[in-house]
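Novice: Handing you this structure, nothing more for now.
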Amino acid sequence: MLNYIWLGLIAIAIFVAVGRDVNEESCNRFRNNEPITLHTAPGAMKIAGPNHYSGTAFLTKSEMARFYGSDEAKGINGDTVFFAADLIQSQSNVRSGALALTLPANAPQIMVDAASAGGDATKIVGQYTLPFEGELRFTPPTVHFRILAKVTNDGILKVADTAVTLAIGLIGIMALWLGIMKIAEAAGLVLLLSKLVKPIMVRVFPDVPPDHPAMGAMVMNMAANFLGLSNAATPLGLKAMEELNKLNPVAGTATNAMCMFLTINTTALTLVPATVIAIRLTLGSTNPTDIIMPTFLATFVSLILGIFFTRFIQRFFPIKTTEGAQAS
């Protein structure tokens with residue numbers, strides 16, 4: 001089920017990204033292949049090398065409004081935006097070439113978006129012509145389907161790569177902890193915990209007979225979760241639900257015992273959070289096991305509150321059978 005949820009979220013993200021990109025394309029938001037006019041003050045551009053000049057260029061708010069529209073120009077603070085400019089003259093024509101603009105803090109958002117689409121949100125690189133002294137006709141780079149590219153490259157693909165890297169890094173520590181827990185299970189520690197918990201379980205699940213197979217499966221599931229054996233706890237939890245369903249008088253409706261077990265399994269009192277320890281170790285934590293006590297306290301509180309509120313709901317909002325009688 002969780003896989004379908006993730007697939008749905010990915011599909012929604014792609015759908016929304018395509019919709020926004022189509023809207024930008026239809027209104028030609030970035031004015032692709034059209035030049036905007038920049039200005040340079042006399043002597044502002046200094047020689048920085050062969051055919052290379054650096055200095056300051058500026059864009060007026062009125063030109064910004066003319067080129068991109070008044071809505072895009074509203075976000076500009078002040079009447080003028082100054083850019084650090086690097087100009088590389090063409091070998092064949094000294095009045096044209098490449099121009100790189102470093103975006104200041106008050107740069108218009110549309111230019112920041114265009115720069116981000118090129119991979120660097122602080123710099124926008126395009127072509128220029130020099131029709132008159134002190135005036136630059138700057139053609140920004142073309143931008144197409146930037147949001148979809150960001151979703152796929154920075155979102156889906158990057159997260160997928162991170163997931164694989166993290167998973168590989170977890171192999172060693174997970175193998176160690178699961179091995180330790182398996183030894184504890186083989187030594188009878190899980191069975192011992194089950195015996196200690198069983199008297200409490202009888203009071204928490206009054207509708208389940210003490211000798212019913214569901215009781216044993218639930219106890220083993222909780223003991224496995226307590227020791228961080230999440231892989232072993234999953235089949236035990238499914239088995240417990242299967243056995244609880246045999247006591248269900250109303251098919252298709254969760255019983256009080258089922259709801260309580262789901263709450264306990266979700267809050268899961270945990271002594272050894274093996275997965276969290278492994279992640280902290282992978283990310284360079286100097287003391288990855290110091291999470292043990294905070295985790296135990298947090299899960300203990302969540303368990304108590306979960307049981308309390310579940311019992312509260314069961315008491316004041318009882319399940320009704322198909323005949324209209326209230327179930328206990």
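Quick note on naming: the chains in the structure tokens go A, B, ... in the order shown, residues restart at 1 in each chain, and ligands are numbered from 1 in order of appearance.
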Would you kindly return, as a list in words, each protein, DNA or RNA residue with an atom no farther than 8 Å from any atom of stretch 209-219 of chain A, considering only C-alpha atoms and excluding same-chain residues fewer than 4 positions away?

Specialist: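 Those residues are Ser194, Val197, Lys198, Met201, Val202, Ala223, Leu236, Gly237, Lys239, Ala240, Met241, Glu242, Glu243, Leu244 and Phe261 of chain A.
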
Novice: Given the selection you just returned, output its residues as a file containing C-alpha atoms, formatted as a PDB file, in the first residue's frame.

Specialist:
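Saved as result.pdb:
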```pdb
ATOM      1  CA  SER A 194       6.800 -12.540  26.360  1.00  0.00           C
ATOM      2  CA  VAL A 197       4.402  -8.990  29.312  1.00  0.00           C
ATOM      3  CA  LYS A 198       1.611 -11.566  29.201  1.00  0.00           C
ATOM      4  CA  MET A 201      -1.668  -8.149  27.975  1.00  0.00           C
ATOM      5  CA  VAL A 202      -4.541  -9.988  29.614  1.00  0.00           C
ATOM      6  CA  ALA A 223       8.781  -8.351  22.231  1.00  0.00           C
ATOM      7  CA  LEU A 236       4.074 -11.870  13.865  1.00  0.00           C
ATOM      8  CA  GLY A 237       1.874  -8.789  13.597  1.00  0.00           C
ATOM      9  CA  LYS A 239      -0.384 -13.472  12.265  1.00  0.00           C
ATOM     10  CA  ALA A 240      -1.829 -11.694  15.295  1.00  0.00           C
ATOM     11  CA  MET A 241      -4.328  -9.788  13.134  1.00  0.00           C
ATOM     12  CA  GLU A 242      -5.297 -13.007  11.387  1.00  0.00           C
ATOM     13  CA  GLU A 243      -5.975 -14.719  14.718  1.00  0.00           C
ATOM     14  CA  LEU A 244      -7.847 -11.687  16.095  1.00  0.00           C
ATOM     15  CA  PHE A 261      -3.117  -3.957  18.914  1.00  0.00           C
TER      16      PHE A 261
END
```

Novice: DSSP on the backbone: what in stretch 59-159 of chain A comes out strand (DSSP E or B), as a ChimeraX atom specification?

Specialist: /A:59-60,80-89,96-102,123-132,135-139

Novice: For A:Asn106, which residue out of A:Phe205, A:Phe308, A:Phe300, A:Phe83 is the nearest one, using only C-alpha atoms?

Specialist: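 That would be A:Phe83, the residue with the smallest distance to A:Asn106.
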
Novice: Do you know which residues are at most 8 Å from A:His52 counting only C-alpha atoms, after dropping those on the same chain fewer than 5 positions away, and could you put them as number ranges by chain?

Specialist: A: 47, 86-89

Novice: Which residues, written as a PyMOL selection string, have at least one atom at most 9 Å from stretch 123-127 of chain A, with only C-alpha atoms counted and residues fewer than 4 positions away on the same chain left out?

Specialist: chain A and resi 35+96-103+111-112+114-116+118-119+137-142

Novice: Residues at most 12 Å from stretch 149-165 of chain A, counting only C-alpha atoms, excluding those fewer than 5 positions away in the same chain, as an MDAnalysis selection string?

Specialist: chainID A and resid 6:7 9:18 20:21 113 116:119 143:144 170:171 279 282:283

Novice: Rounded to one decimal in Å, what is the spacing between atom CA of A:Arg95 and atom CA of A:Pro108?

Specialist: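 So the answer is 26.5 Å.
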
Novice: When you look at stretch 38-44 of chain A with a cut-off of 12 Å (counting only C-alpha atoms), what residues show up, excluding the ones that are within fewer than 3 positions of it in the same chain? I need them as a PyMOL selection string.

Specialist: chain A and resi 35+47+53-64+67+80-87+99+101+128-140
